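Asker: I am sharing data39.txt, which consists of compact mmCIF, C-alpha atoms:
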```txt
# COMPACT_ATOMS: atom_id res chain seq x y z
CA MET A 1 94.91 159.36 -45.19
CA PHE A 2 94.71 156.65 -42.52
CA LEU A 3 95.81 154.03 -45.05
CA GLY A 4 98.72 156.24 -46.15
CA ALA A 5 99.80 156.81 -42.53
CA THR A 6 99.64 153.05 -41.90
CA MET A 7 101.81 152.33 -44.93
CA LEU A 8 104.26 155.07 -43.93
CA PHE A 9 104.52 153.61 -40.42
CA SER A 10 105.18 150.16 -41.86
CA ILE A 11 107.93 151.53 -44.13
CA VAL A 12 109.55 153.42 -41.22
CA ALA A 13 109.33 150.36 -38.97
CA VAL A 14 111.11 148.23 -41.53
CA SER A 15 113.80 150.88 -42.17
CA GLN A 16 114.44 151.29 -38.44
CA ASP A 17 114.25 147.51 -37.73
CA LEU A 18 111.62 148.15 -35.05
CA PRO A 19 109.86 145.31 -33.16
CA SER A 20 107.72 143.24 -35.55
CA ASN A 21 104.69 142.89 -33.21
CA PRO A 22 104.47 146.05 -31.10
CA GLU A 23 101.53 146.68 -28.80
CA ALA A 24 99.64 149.96 -28.75
CA GLY A 25 100.65 152.19 -25.85
CA LYS A 26 103.91 150.32 -25.25
CA CYS A 27 107.42 151.80 -25.48
CA TYR A 28 110.53 149.97 -26.76
CA VAL A 29 114.24 150.65 -26.72
CA ARG A 30 117.01 148.95 -28.65
CA CYS A 31 119.36 147.01 -26.37
CA THR A 32 122.87 146.00 -27.32
CA THR A 33 124.51 143.15 -25.49
CA PRO A 34 127.34 145.10 -23.86
CA ASP A 35 131.01 144.26 -23.88
CA ILE A 36 131.94 142.77 -20.51
CA TYR A 37 135.04 144.20 -18.89
CA VAL A 38 136.76 143.45 -15.62
CA ASN A 39 139.07 145.77 -13.78
CA GLU A 40 142.54 144.31 -13.39
CA SER A 41 145.09 145.83 -11.02
CA ILE A 42 148.75 145.58 -11.96
CA ARG A 43 151.76 146.55 -9.87
CA VAL A 44 154.36 148.78 -11.52
CA VAL A 45 157.83 149.05 -10.00
CA THR A 46 158.45 152.77 -9.51
CA ALA A 47 161.75 152.30 -7.68
CA PRO A 48 163.80 149.05 -7.71
CA ALA A 49 165.20 147.28 -4.70
CA TYR A 50 168.86 147.99 -4.04
CA LYS A 51 171.61 147.39 -1.47
CA ARG A 52 172.73 150.00 1.05
CA LEU A 53 176.23 149.32 2.42
CA ARG A 54 177.75 150.55 5.68
CA THR A 55 181.37 150.02 6.74
CA ILE A 56 182.55 149.15 10.23
CA PRO A 57 186.17 150.26 10.81
CA ALA A 58 188.84 147.84 11.92
CA GLU A 59 189.31 147.34 15.69
CA TYR A 60 192.72 147.35 17.43
CA ARG A 61 194.05 146.87 20.95
CA THR A 62 197.29 147.99 22.49
CA GLU A 63 199.54 145.36 24.14
CA ASN A 64 202.55 145.90 26.40
CA GLU A 65 205.38 143.47 25.79
CA ARG A 66 208.47 143.06 27.93
CA VAL A 67 211.57 142.69 25.78
CA MET A 68 215.19 142.18 26.64
CA VAL A 69 217.27 145.21 25.77
CA LYS A 70 220.50 143.97 27.29
CA ALA A 71 221.45 140.35 27.62
CA ALA A 72 223.00 138.90 30.72
CA GLU A 73 226.78 139.25 30.73
CA LYS A 74 229.82 137.70 32.18
CA LYS A 75 232.46 140.18 33.25
CA LEU A 76 236.06 139.00 33.38
CA ARG A 77 238.29 140.54 35.91
CA ILE A 78 241.40 140.21 33.88
CA ILE A 79 240.19 140.53 30.35
CA PRO A 80 236.90 142.33 30.19
CA ALA A 81 234.31 141.27 27.76
CA LYS A 82 233.83 143.07 24.46
CA TRP A 83 230.38 144.16 23.42
CA GLY A 84 228.62 144.93 20.22
CA THR A 85 225.14 146.15 19.39
CA GLU A 86 222.38 144.56 17.27
CA THR A 87 219.23 146.18 15.96
CA ILE A 88 216.12 143.98 16.29
CA SER A 89 213.08 144.63 14.07
CA TYR A 90 209.53 143.94 15.18
CA VAL A 91 205.97 144.65 13.90
CA LYS A 92 204.82 147.81 15.63
CA LYS A 93 201.42 147.89 13.89
CA GLN A 94 199.99 145.13 11.72
CA SER A 95 198.66 145.80 8.23
CA ALA A 96 194.92 146.21 7.61
CA SER A 97 192.58 147.90 5.13
CA THR A 98 189.95 150.63 4.92
CA LEU A 99 186.70 150.38 2.93
CA ARG A 100 184.89 153.15 1.02
CA VAL A 101 181.29 152.75 -0.14
CA VAL A 102 180.38 153.66 -3.71
CA PRO A 103 176.55 154.27 -3.50
CA ALA A 104 174.07 152.82 -5.95
CA SER A 105 173.16 155.02 -8.95
CA PHE A 106 169.83 155.27 -10.74
CA ARG A 107 168.38 156.49 -13.99
CA THR A 108 164.95 157.94 -14.63
CA ASP A 109 162.69 155.99 -16.98
CA SER A 110 159.02 155.63 -17.73
CA GLU A 111 156.65 152.74 -18.36
CA THR A 112 153.50 153.04 -20.47
CA VAL A 113 150.50 150.94 -19.37
CA GLU A 114 147.34 150.42 -21.39
CA ILE A 115 144.58 151.34 -18.92
CA LYS A 116 141.68 151.04 -21.35
CA PRO A 117 141.58 149.05 -24.59
CA ALA A 118 140.26 150.36 -27.86
CA PHE A 119 136.57 149.77 -28.50
CA ALA A 120 133.80 150.65 -30.97
CA GLN A 121 130.05 151.23 -30.64
CA TRP A 122 127.03 152.20 -32.64
CA GLU A 123 126.07 155.87 -32.42
CA LEU A 124 123.15 157.82 -33.79
CA GLY A 125 124.23 160.30 -36.49
CA ALA A 126 122.59 163.17 -38.40
CA SER A 127 119.27 162.93 -40.28
CA ALA A 128 119.26 162.07 -43.97
CA PRO A 129 118.75 165.20 -46.10
CA ASP A 130 116.03 163.53 -48.19
CA CYS A 131 113.95 162.39 -45.22
CA GLU A 132 110.24 162.71 -45.93
CA SER A 133 109.10 162.10 -42.38
CA SER A 134 108.15 164.90 -40.06
CA ASN A 135 109.99 163.12 -37.29
CA PRO A 136 113.76 163.72 -37.78
CA ASP A 137 114.62 160.61 -35.74
CA ASP A 138 113.11 158.34 -38.42
CA CYS A 139 115.86 158.93 -40.98
CA ARG A 140 118.99 159.24 -38.88
CA TYR A 141 122.12 157.30 -39.73
CA TRP A 142 123.68 154.72 -37.45
CA CYS A 143 127.47 154.91 -37.36
CA TYR A 144 129.83 152.32 -35.87
CA LYS A 145 132.38 154.61 -34.26
CA GLY A 146 135.69 153.42 -32.89
CA TYR A 147 137.55 154.86 -29.94
CA PRO A 148 141.29 154.42 -29.44
CA ALA A 149 142.88 152.75 -26.47
CA GLU A 150 143.91 154.88 -23.51
CA PHE A 151 147.37 154.73 -22.00
CA ARG A 152 149.04 156.01 -18.89
CA THR A 153 152.73 156.68 -18.58
CA VAL A 154 154.25 156.11 -15.12
CA SER A 155 157.63 157.52 -14.15
CA VAL A 156 159.93 154.84 -12.73
CA GLN A 157 163.53 154.59 -11.58
CA ARG A 158 165.85 151.91 -12.91
CA LEU A 159 168.95 150.66 -11.10
CA ALA A 160 171.98 151.73 -13.17
CA ASN A 161 174.79 150.54 -10.87
CA ASP A 162 174.40 148.79 -7.54
CA ALA A 163 176.36 149.84 -4.45
CA THR A 164 179.93 148.52 -4.12
CA THR A 165 182.96 149.07 -1.90
CA ARG A 166 186.56 149.97 -2.62
CA SER A 167 189.34 148.73 -0.40
CA ASN A 168 192.50 150.71 0.43
CA PRO A 169 195.30 148.89 2.22
CA ILE A 170 196.94 150.23 5.40
CA SER A 171 200.61 149.33 5.39
CA GLU A 172 202.28 147.51 8.24
CA ILE A 173 204.36 149.69 10.60
CA SER A 174 207.65 148.24 11.77
CA GLY A 175 209.78 149.23 14.76
CA THR A 176 213.28 148.44 15.99
CA TYR A 177 215.16 148.23 19.25
CA THR A 178 218.85 147.90 19.98
CA LYS A 179 220.24 144.85 21.66
CA GLN A 180 223.71 144.61 23.15
CA VAL A 181 225.47 141.31 22.56
CA ILE A 182 228.76 139.91 23.69
CA VAL A 183 231.46 139.86 21.13
CA ASP A 184 234.17 138.38 23.30
CA GLU A 185 233.54 136.96 26.74
CA ALA A 186 235.77 137.78 29.64
CA ARG A 187 238.27 135.27 30.45
CA VAL A 188 239.79 133.92 33.66
CA VAL A 189 237.44 135.42 36.25
CA GLU A 190 233.81 135.63 35.41
CA GLU A 191 231.27 138.02 36.90
CA VAL A 192 227.65 137.53 35.87
CA ILE A 193 225.71 140.70 35.14
CA PRO A 194 221.93 140.08 34.69
CA ALA A 195 220.08 141.04 31.51
CA GLN A 196 218.14 144.28 31.26
CA TYR A 197 214.53 144.50 30.00
CA ALA A 198 212.23 147.20 28.68
CA THR A 199 208.45 147.41 27.92
CA ILE A 200 207.29 148.22 24.42
CA LYS A 201 203.72 148.94 23.14
CA ARG A 202 202.22 147.06 20.18
CA THR A 203 198.97 147.83 18.31
CA VAL A 204 197.33 144.49 17.48
CA LEU A 205 194.43 144.01 15.00
CA VAL A 206 191.41 142.54 16.78
CA LYS A 207 188.87 142.64 13.94
CA ASP A 208 189.36 143.82 10.37
CA ALA A 209 187.04 146.33 8.69
CA GLN A 210 183.66 144.88 7.69
CA VAL A 211 180.72 145.74 5.40
CA MET A 212 177.16 145.66 6.73
CA GLU A 213 174.61 145.08 3.92
CA GLU A 214 171.02 146.34 4.11
CA THR A 215 168.43 145.69 1.38
CA VAL A 216 166.15 148.62 0.57
CA PRO A 217 162.85 147.15 -0.75
CA ALA A 218 161.40 148.12 -4.10
CA LYS A 219 158.54 150.63 -4.34
CA TYR A 220 155.39 149.90 -6.30
CA THR A 221 152.29 151.70 -7.56
CA THR A 222 149.03 150.04 -8.53
CA VAL A 223 147.45 150.84 -11.92
CA THR A 224 143.93 149.69 -12.78
CA LYS A 225 143.08 148.84 -16.37
CA GLU A 226 139.97 147.51 -18.07
CA VAL A 227 140.26 144.08 -19.70
CA LEU A 228 137.66 142.83 -22.20
CA THR A 229 136.47 139.38 -21.14
CA LYS A 230 133.48 138.94 -23.44
CA GLY A 231 132.52 140.94 -26.53
CA GLY A 232 128.92 142.12 -27.02
CA GLY A 233 127.12 143.50 -30.03
CA LEU A 234 123.89 141.47 -30.28
CA THR A 235 120.96 143.93 -30.70
CA THR A 236 117.42 143.26 -29.42
CA TRP A 237 114.30 145.32 -28.65
CA ARG A 238 113.09 145.50 -25.05
CA GLU A 239 109.79 146.80 -23.71
CA VAL A 240 110.28 149.51 -21.05
CA GLU A 241 108.06 151.82 -19.06
CA CYS A 242 107.06 154.71 -21.30
CA ALA A 243 107.89 157.18 -18.54
CA LEU A 244 111.54 156.07 -18.63
CA VAL A 245 112.07 157.20 -22.23
CA GLU A 246 111.27 160.76 -21.11
CA TYR A 247 113.57 162.74 -18.83
CA GLN A 248 113.11 161.79 -15.17
CA ALA A 249 114.35 163.93 -12.30
CA LEU A 250 117.39 162.77 -10.36
CA PRO A 251 117.18 165.27 -7.47
CA ILE A 252 120.85 165.56 -6.56
CA ASN A 253 121.54 168.51 -4.26
CA TRP A 254 124.82 169.72 -5.83
CA ARG A 255 127.03 172.00 -3.78
CA LEU A 256 127.54 175.47 -5.28
CA GLY A 257 130.02 175.27 -8.18
CA SER A 258 130.89 171.65 -7.32
CA ALA A 259 130.69 168.44 -9.37
CA THR A 260 131.61 166.12 -6.48
CA LEU A 261 129.06 163.51 -5.43
CA THR A 262 128.21 163.53 -1.73
CA SER A 263 127.32 160.36 0.18
CA GLU A 264 123.63 161.41 -0.02
CA ALA A 265 123.90 161.78 -3.82
CA LYS A 266 125.51 158.32 -4.15
CA HIS A 267 122.72 156.83 -2.02
CA LEU A 268 120.16 158.50 -4.30
CA ILE A 269 121.82 156.97 -7.39
CA ASP A 270 121.95 153.54 -5.72
CA THR A 271 118.24 153.59 -4.83
CA ARG A 272 116.84 155.48 -7.84
CA LEU A 273 119.00 154.64 -10.86
CA MET A 274 120.51 151.23 -10.13
CA PRO A 275 117.08 149.45 -9.91
CA VAL A 276 116.14 150.92 -13.33
CA LEU A 277 119.35 149.58 -14.91
CA GLN A 278 118.96 146.20 -13.22
CA LYS A 279 115.41 145.84 -14.58
CA ASN A 280 116.51 146.89 -18.08
CA PRO A 281 119.85 145.16 -18.78
CA GLY A 282 121.57 146.25 -22.00
CA VAL A 283 119.59 149.53 -22.29
CA LYS A 284 121.56 152.73 -22.80
CA LEU A 285 121.11 155.45 -20.15
CA GLU A 286 121.52 159.20 -20.70
CA ILE A 287 122.49 161.47 -17.79
CA ALA A 288 121.62 165.11 -18.52
CA SER A 289 122.68 167.98 -16.24
CA HIS A 290 121.46 171.61 -16.37
CA THR A 291 122.23 174.89 -14.58
CA ASP A 292 120.35 178.13 -14.05
CA ALA A 293 121.18 181.26 -16.05
CA ARG A 294 123.30 182.92 -13.39
CA GLY A 295 127.01 183.05 -14.22
CA SER A 296 128.62 182.87 -17.66
CA ARG A 297 127.36 180.46 -20.32
CA THR A 298 130.83 178.94 -20.66
CA SER A 299 131.23 178.18 -16.94
CA ASN A 300 127.65 176.86 -16.70
CA GLN A 301 128.21 174.56 -19.69
CA GLU A 302 131.46 173.22 -18.23
CA LEU A 303 129.91 172.72 -14.77
CA SER A 304 126.90 170.81 -16.17
CA GLU A 305 129.20 168.52 -18.18
CA ARG A 306 131.37 167.76 -15.13
CA ARG A 307 128.28 166.92 -13.06
CA ALA A 308 126.91 164.55 -15.72
CA VAL A 309 130.32 162.85 -16.03
CA ALA A 310 130.52 162.50 -12.22
CA VAL A 311 127.26 160.48 -12.20
CA VAL A 312 128.45 158.31 -15.13
CA ASN A 313 131.81 157.64 -13.47
CA TYR A 314 130.07 156.58 -10.25
CA LEU A 315 127.83 154.18 -12.21
CA ARG A 316 130.96 152.70 -13.77
CA THR A 317 132.29 151.92 -10.29
CA LYS A 318 129.06 150.02 -9.65
CA GLY A 319 129.79 147.72 -12.62
CA ILE A 320 127.73 149.47 -15.34
CA ASN A 321 129.39 149.17 -18.76
CA GLN A 322 130.82 152.42 -20.17
CA SER A 323 129.25 151.78 -23.58
CA LEU A 324 125.76 151.94 -22.04
CA LEU A 325 126.25 155.37 -20.44
CA VAL A 326 125.96 158.81 -22.04
CA ALA A 327 126.81 162.02 -20.15
CA ASN A 328 125.40 165.29 -21.54
CA GLY A 329 125.74 168.76 -20.05
CA PHE A 330 123.39 171.46 -21.37
CA GLY A 331 124.42 174.37 -19.13
CA GLU A 332 121.73 177.07 -19.19
CA GLY A 333 120.55 176.10 -22.70
CA ARG A 334 117.32 174.36 -21.62
CA LEU A 335 115.68 176.59 -19.01
CA LYS A 336 112.27 175.39 -17.79
CA ASN A 337 110.93 178.87 -16.97
CA ARG A 338 111.41 182.57 -17.78
CA CYS A 339 114.56 182.98 -15.61
CA ALA A 340 117.04 183.82 -18.39
CA ASP A 341 119.90 186.36 -18.20
CA GLY A 342 118.66 189.77 -17.05
CA VAL A 343 115.36 188.48 -15.63
CA SER A 344 114.76 188.93 -11.89
CA CYS A 345 113.71 185.61 -10.33
CA THR A 346 113.41 184.14 -6.88
CA GLU A 347 115.78 181.47 -5.59
CA ARG A 348 113.03 178.88 -5.90
CA GLU A 349 112.51 179.79 -9.58
CA HIS A 350 116.24 179.48 -10.28
CA ALA A 351 116.28 176.13 -8.47
CA VAL A 352 113.82 174.70 -11.04
CA ASN A 353 116.51 175.07 -13.72
CA ARG A 354 119.32 173.56 -11.62
CA ARG A 355 118.59 169.88 -12.22
CA THR A 356 120.02 166.51 -13.18
CA GLU A 357 117.84 164.11 -15.18
CA PHE A 358 118.02 160.66 -16.79
CA ARG A 359 116.23 158.69 -19.49
CA LEU A 360 116.55 155.45 -21.43
CA ILE A 361 117.67 155.88 -25.05
CA ASN A 362 118.19 153.59 -28.05
CA ASN A 363 121.61 152.01 -28.61
```
Rewrite the structure of this file - the entire thing - as structure tokens.
Answerer:
Amino acid sequence: MFLGATMLFSIVAVSQDLPSNPEAGKCYVRCTTPDIYVNESIRVVTAPAYKRLRTIPAEYRTENERVMVKAAEKKLRIIPAKWGTETISYVKKQSASTLRVVPASFRTDSETVEIKPAFAQWELGASAPDCESSNPDDCRYWCYKGYPAEFRTVSVQRLANDATTRSNPISEISGTYTKQVIVDEARVVEEVIPAQYATIKRTVLVKDAQVMEETVPAKYTTVTKEVLTKGGGLTTWREVECALVEYQALPINWRLGSATLTSEAKHLIDTRLMPVLQKNPGVKLEIASHTDARGSRTSNQELSERRAVAVVNYLRTKGINQSLLVANGFGEGRLKNRCADGVSCTEREHAVNRRTEFRLINN
């Protein structure tokens, strides 16, 4: 029997590509050299820059001008002078123009940004139906599973027509005055009669209408995407502490019904989990979250999944590769005591089932 067990172990070791020279009492996990990504921030124009125009009306001033309305005359005693009239034209108001602003117009558009590229990884599948081993993990298939790229569509505005102005002319206004002129001068005896004057008002253009131009700056939003800088895939076996391949407690004190990490929880992850990952580079980590039996199974399952994902997302912000992280929520499916639905338990007994755990698993 011992010889048969030894041969069976050798066959399983070869089929699983296990370490060739393992030591008794040691534990090993398969490590895959991870893909190396860097986060790259890109700026997307959500609203373009455009011109805003403002018109300043024309300026005028009023001037008084003294004009002669009757010329000096000579009056003859014997033969009086004969007079006629003459109409004189003058510019009463000079021509100008008015300006009307036609505002800029926009159109709504969208821009799609790839925020995460497509990738593939090895995943452990179902057991082979003809497996002769009592351990179901000995005959499981390894599948190289691909995941599509992720995109994000951002709404943006495009400039359709920029602002312009339209000019409308203001016509010149003319005026007239009547001037008396001598047709025939008096003869023989002359008598001089002085000219007569009058004051007229004129509207004079000081400054024509103008356009003031103001540039409205463009608006941007920042989108972060993952960029593959170095591809992984090389598989090796690494010796790890045997305790780390079993579930270890990660005593996060979750708020009731919440999956948001507090500052204390983040500090716990930094001091408890990060050293494990730093000592075991390339090893895959499973985060498992559980709830007690109170509440519905559906809500407990969803809550446990969100809590596991919250821990994984935080580890990603610390630079841990996504392909090395697994988030599993088990809801109330793995209770550690008798406190199932319908069983009266103390708060301390329920607290035993509300837990978050981690372990190292094979890639």
Asker: Give me the residues near range 174-184 of chain A as a CSV table (one decimal) with C-alpha atoms, keeping the file's coordinate frame, where near means some atom within 9 Å (using only C-alpha atoms) and where sequence neighbours in that chain fewer than 2 positions away do not count.
Answerer:
```
chain,number,residue,atom,x,y,z
A,68,MET,CA,215.2,142.2,26.6
A,69,VAL,CA,217.3,145.2,25.8
A,70,LYS,CA,220.5,144.0,27.3
A,71,ALA,CA,221.4,140.4,27.6
A,72,ALA,CA,223.0,138.9,30.7
A,73,GLU,CA,226.8,139.2,30.7
A,74,LYS,CA,229.8,137.7,32.2
A,80,PRO,CA,236.9,142.3,30.2
A,81,ALA,CA,234.3,141.3,27.8
A,82,LYS,CA,233.8,143.1,24.5
A,83,TRP,CA,230.4,144.2,23.4
A,84,GLY,CA,228.6,144.9,20.2
A,85,THR,CA,225.1,146.2,19.4
A,86,GLU,CA,222.4,144.6,17.3
A,87,THR,CA,219.2,146.2,16.0
A,88,ILE,CA,216.1,144.0,16.3
A,89,SER,CA,213.1,144.6,14.1
A,90,TYR,CA,209.5,143.9,15.2
A,91,VAL,CA,206.0,144.6,13.9
A,92,LYS,CA,204.8,147.8,15.6
A,93,LYS,CA,201.4,147.9,13.9
A,94,GLN,CA,200.0,145.1,11.7
A,172,GLU,CA,202.3,147.5,8.2
A,186,ALA,CA,235.8,137.8,29.6
A,187,ARG,CA,238.3,135.3,30.4
```
Asker: Hey, can you check how far CA of Lys284 in chain A sits from CA of Leu324 in chain A?
Answerer: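 Going from CA of Lys284 in chain A over to CA of Leu324 in chain A, I get 4.3 Å.
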Asker: Any idea what's packed within 8 Å of Ile287 in chain A, counting only C-alpha atoms, ignoring anything in its chain fewer than 2 positions away? Could you give it as a PDB file with C-alpha atoms, in the frame of the given file?
Answerer:
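This went into result-v3.pdb:
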```
ATOM      1  CA  LEU A 285     121.110 155.450 -20.150  1.00  0.00           C
ATOM      2  CA  SER A 289     122.680 167.980 -16.240  1.00  0.00           C
ATOM      3  CA  ALA A 308     126.910 164.550 -15.720  1.00  0.00           C
ATOM      4  CA  VAL A 311     127.260 160.480 -12.200  1.00  0.00           C
ATOM      5  CA  VAL A 312     128.450 158.310 -15.130  1.00  0.00           C
ATOM      6  CA  LEU A 325     126.250 155.370 -20.440  1.00  0.00           C
ATOM      7  CA  VAL A 326     125.960 158.810 -22.040  1.00  0.00           C
ATOM      8  CA  ALA A 327     126.810 162.020 -20.150  1.00  0.00           C
ATOM      9  CA  ASN A 328     125.400 165.290 -21.540  1.00  0.00           C
ATOM     10  CA  THR A 356     120.020 166.510 -13.180  1.00  0.00           C
ATOM     11  CA  GLU A 357     117.840 164.110 -15.180  1.00  0.00           C
ATOM     12  CA  PHE A 358     118.020 160.660 -16.790  1.00  0.00           C
ATOM     13  CA  ARG A 359     116.230 158.690 -19.490  1.00  0.00           C
TER      14      ARG A 359
END
```
Asker: I want to know what sits within 10 Å of Glu65 in chain A, based on all atoms listed in the file, with residues of the same chain fewer than 5 positions away left out; could you give that as a PyMOL selection string?
Answerer: chain A and resi 198-202
Asker: Could you please take those selected residues and save C-alpha atoms as an mmCIF file, in the coordinates of the input?
Answerer:
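Saved the output as selection-v1.cif:
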```
data_model
loop_
_atom_site.group_PDB
_atom_site.id
_atom_site.type_symbol
_atom_site.label_atom_id
_atom_site.label_comp_id
_atom_site.auth_asym_id
_atom_site.auth_seq_id
_atom_site.Cartn_x
_atom_site.Cartn_y
_atom_site.Cartn_z
ATOM 1 C CA ALA A 198 212.230 147.200 28.680
ATOM 2 C CA THR A 199 208.450 147.410 27.920
ATOM 3 C CA ILE A 200 207.290 148.220 24.420
ATOM 4 C CA LYS A 201 203.720 148.940 23.140
ATOM 5 C CA ARG A 202 202.220 147.060 20.180
#
```
Asker: Which residues come within 10 Å of Cys339 in chain A, counting only C-alpha atoms, excluding same-chain residues fewer than 6 positions away, as a PyMOL selection string?
Answerer: chain A and resi 292-294+332+345-346+349-350+352-353
Asker: Write out, as a PDB file, keeping the file's coordinate frame, the residues just selected, with C-alpha atoms.
Answerer:
```pdb
ATOM      1  CA  ASP A 292     120.350 178.130 -14.050  1.00  0.00           C
ATOM      2  CA  ALA A 293     121.180 181.260 -16.050  1.00  0.00           C
ATOM      3  CA  ARG A 294     123.300 182.920 -13.390  1.00  0.00           C
ATOM      4  CA  GLU A 332     121.730 177.070 -19.190  1.00  0.00           C
ATOM      5  CA  CYS A 345     113.710 185.610 -10.330  1.00  0.00           C
ATOM      6  CA  THR A 346     113.410 184.140  -6.880  1.00  0.00           C
ATOM      7  CA  GLU A 349     112.510 179.790  -9.580  1.00  0.00           C
ATOM      8  CA  HIS A 350     116.240 179.480 -10.280  1.00  0.00           C
ATOM      9  CA  VAL A 352     113.820 174.700 -11.040  1.00  0.00           C
ATOM     10  CA  ASN A 353     116.510 175.070 -13.720  1.00  0.00           C
TER      11      ASN A 353
END
```
Asker: Nearest to Glu40 in chain A among A:Lys266, A:Arg355, A:Arg306, A:Lys116, with distances taken over only C-alpha atoms: which residue is it?
Answerer: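 Using only C-alpha atoms, Glu40 in chain A sits closest to A:Lys116.
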Asker: Contacts of range 216-225 of chain A at 10 Å or less, counting only C-alpha atoms, minus same-chain residues fewer than 5 places along, as a JSON list (two decimals) with C-alpha atoms, in the coordinates of the input?
Answerer:
```
[["chain", "number", "residue", "atom", "x", "y", "z"],
["A", 37, "TYR", "CA", 135.04, 144.20, -18.89],
["A", 38, "VAL", "CA", 136.76, 143.45, -15.62],
["A", 39, "ASN", "CA", 139.07, 145.77, -13.78],
["A", 40, "GLU", "CA", 142.54, 144.31, -13.39],
["A", 41, "SER", "CA", 145.09, 145.83, -11.02],
["A", 42, "ILE", "CA", 148.75, 145.58, -11.96],
["A", 43, "ARG", "CA", 151.76, 146.55, -9.87],
["A", 44, "VAL", "CA", 154.36, 148.78, -11.52],
["A", 45, "VAL", "CA", 157.83, 149.05, -10.00],
["A", 46, "THR", "CA", 158.45, 152.77, -9.51],
["A", 47, "ALA", "CA", 161.75, 152.30, -7.68],
["A", 48, "PRO", "CA", 163.80, 149.05, -7.71],
["A", 49, "ALA", "CA", 165.20, 147.28, -4.70],
["A", 50, "TYR", "CA", 168.86, 147.99, -4.04],
["A", 51, "LYS", "CA", 171.61, 147.39, -1.47],
["A", 52, "ARG", "CA", 172.73, 150.00, 1.05],
["A", 113, "VAL", "CA", 150.50, 150.94, -19.37],
["A", 114, "GLU", "CA", 147.34, 150.42, -21.39],
["A", 115, "ILE", "CA", 144.58, 151.34, -18.92],
["A", 116, "LYS", "CA", 141.68, 151.04, -21.35],
["A", 117, "PRO", "CA", 141.58, 149.05, -24.59],
["A", 150, "GLU", "CA", 143.91, 154.88, -23.51],
["A", 151, "PHE", "CA", 147.37, 154.73, -22.00],
["A", 152, "ARG", "CA", 149.04, 156.01, -18.89],
["A", 154, "VAL", "CA", 154.25, 156.11, -15.12],
["A", 156, "VAL", "CA", 159.93, 154.84, -12.73],
["A", 157, "GLN", "CA", 163.53, 154.59, -11.58]]
```
Asker: Kindly give the distance, in Å, that separates CA of Arg77 in chain A and CA of Glu190 in chain A, rounded to a single decimal.
Answerer: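 According to the coordinates, CA of Arg77 in chain A and CA of Glu190 in chain A are separated by 6.7 Å.
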Asker: Interatomic distance between CA of Ile173 in chain A and CA of Tyr197 in chain A?
Answerer: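 Separation between CA of Ile173 in chain A and CA of Tyr197 in chain A: 22.5 Å.
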Asker: Kindly indicate which residue among A:Leu261, A:Leu268, A:Val283, A:Val101 lies nearest to Asn313 in chain A, using all atoms listed in the file for the distances.
Answerer: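 Of all the options, A:Leu261 lies closest to Asn313 in chain A.
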Asker: Please determine, counting all atoms listed in the file, which residue among A:Glu111, A:Ala104, A:Val343, A:Ala351 has the shortest atom-to-atom distance to Ile252 in chain A.
Answerer: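 Comparing A:Glu111, A:Ala104, A:Val343, A:Ala351 against Ile252 in chain A, the winner is A:Ala351.
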Asker: What box, with edges along x, y and z, holds each listed atom of range 188-198 of chain A when 6 Å is added on every side, and can you state its centre and edge lengths in Å to one decimal, as lines of an AutoDock Vina configuration file?
Answerer:
```
center_x = 226.0
center_y = 140.6
center_z = 32.8
size_x = 39.6
size_y = 25.3
size_z = 20.2
```
Asker: Which of these residues is nearest to Arg107 in chain A, using all atoms listed in the file: A:Thr262, A:Ser155, A:Ser304, A:Asn135?
Answerer: A:Ser155
Asker: With distances taken over all atoms listed in the file, which of A:Ala249, A:Leu205, A:Ile78, A:Leu53 is nearest to Arg166 in chain A?
Answerer: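 The closest residue to Arg166 in chain A is A:Leu53.
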Asker: Let me make sure I understand: among A:Thr55, A:Thr98, A:Ala259, A:Arg334, which one has the smallest atom-to-atom distance to Met212 in chain A if we use all atoms listed in the file?
Answerer: A:Thr55
